[in-house]
Amino acid sequence: MFETIKLAKGVNIHVNETTQFKTINFSIKFKSKLSKDKASARSILANVLQHSNEAYPSHTALRMALDDLYGTSLYMDSSKRGNEHIVSLNVETVNDQYLSETGVLEKVMNLMYLVLFKPNLENGLFKESIFQREKNAVKERLESIIDDKTRYAQQRMMELALSDHPAAIPANGSIEEVQKISNEMLMEEYRSMIETNEVEIYAVGDIKPEMVADYFRDYFKFTDREKTPAPPSMALTKPAQPRVAEFEDMKQGKLHMMFFSPVTFRDEKFPVMQLMNGIFGGYAHSKLFVNIREKESMAYYVSSSYSSQFGLMFVLAGIDGKLEEKAVNLILQQLEEVKAGNITEVEFGQTKALLTNQLKEALDSARGQIDIYDQYMELTEAFEPEYLISRWDRVTKEEIAQAAKDLSLEMTYFLSGKESVANA
């Protein structure tokens with residue numbers, strides 16, 4: 001799928017030369033060890049670098065430059081994956097081959113260079129007004145989580161259950177850490193990102209790998225950096241409280257359940273857990289959806305998800321505040337069905353088909369190809385879709401039942417309105 005060229009120690013470029021798209025997509029990913037303070041600083045940094053630069057000192061000027069480049073799209077974001085925090089510069093631009101004008105691609109790549117290496121500085125620091133505005137934007141983004149009760153409930157459960165674990169660190173950090181960030185600290189993080197982070201560069205489109213590599217080699221001049229050995233995964237420790245109930249001004253109850261699994265992303269049983277999750281609660285044909293939402297009509301929504309990096313499985317349900325105990329019992333009953341191997345051919349076959357279709361649909365977009373390859377190259381350097389599909393095909397119902405048996409319920413968190421509890 002991708003041809004990989006090493007630009008420097010710890011810096012690689014991956015190119016998928018394909019006529020599948022009329023555009024060319026780039027993504028430059030800076031990877032660092034995840035921590036609360038780094039996540040906060042790097043989220044602000046992504047905003048600041050995206051805003052403006054030395055050549056285009058205002059957001060308006062930068063947007064106009066992108067418009068002049070045939071509507072090129074450019075944005076930066078921050079995310080986390082396992083123990084890593086990732087800052088990405090993402091660009092999509094038209095292919096020169098479809099234009100009467102030449103040199104557009106080189107102008108786009110030069111703009112990428114300006115965004116990363118020529119930031120908008122004032123007295124050796126980021127322009128103060130921009131720094132303060134983007135710092136406040138990240139703070140407001142974190143504060144807005146309280147308005148999304150499902151996200152808020154999930155975050156609260158993680159804070160309570162695994163407070164010092166990477167699984168509980170939001171990609172944007174925390175309000176407290178954001179407030180601590182100074183302009184000087186942000187500049188220090190910027191230099192660290194540019195000079196020491198591992199860098200994975202992706203390009204997808206009708207473009208020659210060596211041409212792209214030569215440009216990045218000549219203009220970006222990334223220097224060698226030490227490849228940080230993957231830190232050992234932090235052990236999951238039992239939460240102090242197996243059940244927590246909290247209250248907010250709301251009508252619908254939010255039931256969140258957390259299970260531990262010994263299977264993680266790099267485990268040979270990883271495909272088994274993907275199927276187990278799909279059968280249990282991952283899709284509209286799953287046991288949770290069919291039996292709790294459709295047959296019992298007691299959940300506004302119900303689903304399960306598998307966080308493979310940490311060996312965690314979650315069940316989320318929106319229910320009436322008075323139905324917590326009944327909902328928990330029904331959810332656990334459905335898990336017992338999977339443990340017993342009571343899996344229909346429809347559940348088994350549709351889950352395999354949907355996992356396969358989701359993978360293929362994702363690969364229909366350049367961004368999807370980049371995201372999937374960046375994740376799965378940890379499993380195999382020469383990743384191809386068939387690698388996963390063939391592994392799903394080999395999974396048996398007995399293996400799925402065993403994966404369910406290996407789960408342990410560690411915390412139940414329930415967020416509801418006081419009024420619903422009072423009326424229970």
# chains A, B, ... in the order shown; residues from 1 in each chain; ligands from 1

$ residues_around --residues "segment 335-346 of chain A" --least-positions-apart "4" --cutoff "12 Å" --atoms "only C-alpha atoms" --output "ChimeraX atom specification"
/A:259,273,275-281,284-288,291,304,313,315,328-331,350-354,396-409

$ residues_around --residues "Met258 of chain A" --least-positions-apart "3" --cutoff "6 Å" --atoms "only C-alpha atoms" --output "PyMOL selection string"
chain A and resi 313-314+410-411

$ write_last_selection --atoms "C-alpha atoms" --output "compact mmCIF listing (two decimals), in the first residue's frame"
# COMPACT_ATOMS: atom_id res chain seq x y z
CA MET A 313 -14.13 -2.59 26.84
CA PHE A 314 -16.94 -0.15 27.57
CA GLU A 410 -14.38 -3.32 37.06
CA MET A 411 -16.60 -0.27 37.34

$ select_by_dssp --residues "segment 145-210 of chain A" --states "helix (DSSP H, G or I)" --output "ChimeraX atom specification"
/A:145-147,149-161,166-168,175-180,183-196,209-210

$ residues_around --residues "segment 185-194 of chain A" --least-positions-apart "4" --cutoff "10 Å" --atoms "only C-alpha atoms" --output "PyMOL selection string"
chain A and resi 30-32+38+40-42+44-46+48-49+86-87+116-117+119+121+124-126+131+180-181+198-199+222-223+225

$ residues_around --residues "segment 323-327 of chain A" --least-positions-apart "2" --cutoff "12 Å" --atoms "only C-alpha atoms" --output "count of residues only"
42

$ closest_residue --among "A:Asp164, A:Glu176, A:Asp393, A:Glu3" --to "Thr18 of chain A" --atoms "only C-alpha atoms"
A:Glu3

$ closest_residue --among "A:Leu162, A:Val108, A:Ala167, A:Leu355" --to "Pro242 of chain A" --atoms "only C-alpha atoms"
A:Leu162

$ select_by_dssp --residues "segment 65-228 of chain A" --states "strand (DSSP E)" --output "ChimeraX atom specification"
/A:73-81,84-94,121-122,125-126,198-205

$ residues_around --residues "Leu105 of chain A" --least-positions-apart "4" --cutoff "9 Å" --atoms "only C-alpha atoms" --output "count of residues only"
8

$ closest_residue --among "A:Val395, A:Ser365, A:Ala137, A:Gln20" --to "Gly349 of chain A" --atoms "only C-alpha atoms"
A:Val395

$ closest_residue --among "A:Ala153, A:Asn90, A:Ser27, A:Asn183" --to "Ser129 of chain A" --atoms "only C-alpha atoms"
A:Asn183

$ residues_around --residues "Arg266 of chain A" --least-positions-apart "4" --cutoff "9 Å" --atoms "only C-alpha atoms" --output "list in words"
Phe270, Ser308, Gln309, Glu378 and Leu379 of chain A

$ closest_residue --among "A:Gln369, A:Glu101, A:Gly71, A:Ile146" --to "Met250 of chain A" --atoms "only C-alpha atoms"
A:Ile146

$ atom_distance --atom1 "atom CA of Lys269 of chain A" --atom2 "atom CA of Asp371 of chain A"
21.9 Å

$ closest_residue --among "A:Ala39, A:Met112, A:Leu66, A:Ala161" --to "Glu177 of chain A" --atoms "only C-alpha atoms"
A:Ala39

$ atom_distance --atom1 "atom CA of Asp249 of chain A" --atom2 "atom CA of Ile145 of chain A"
14.5 Å
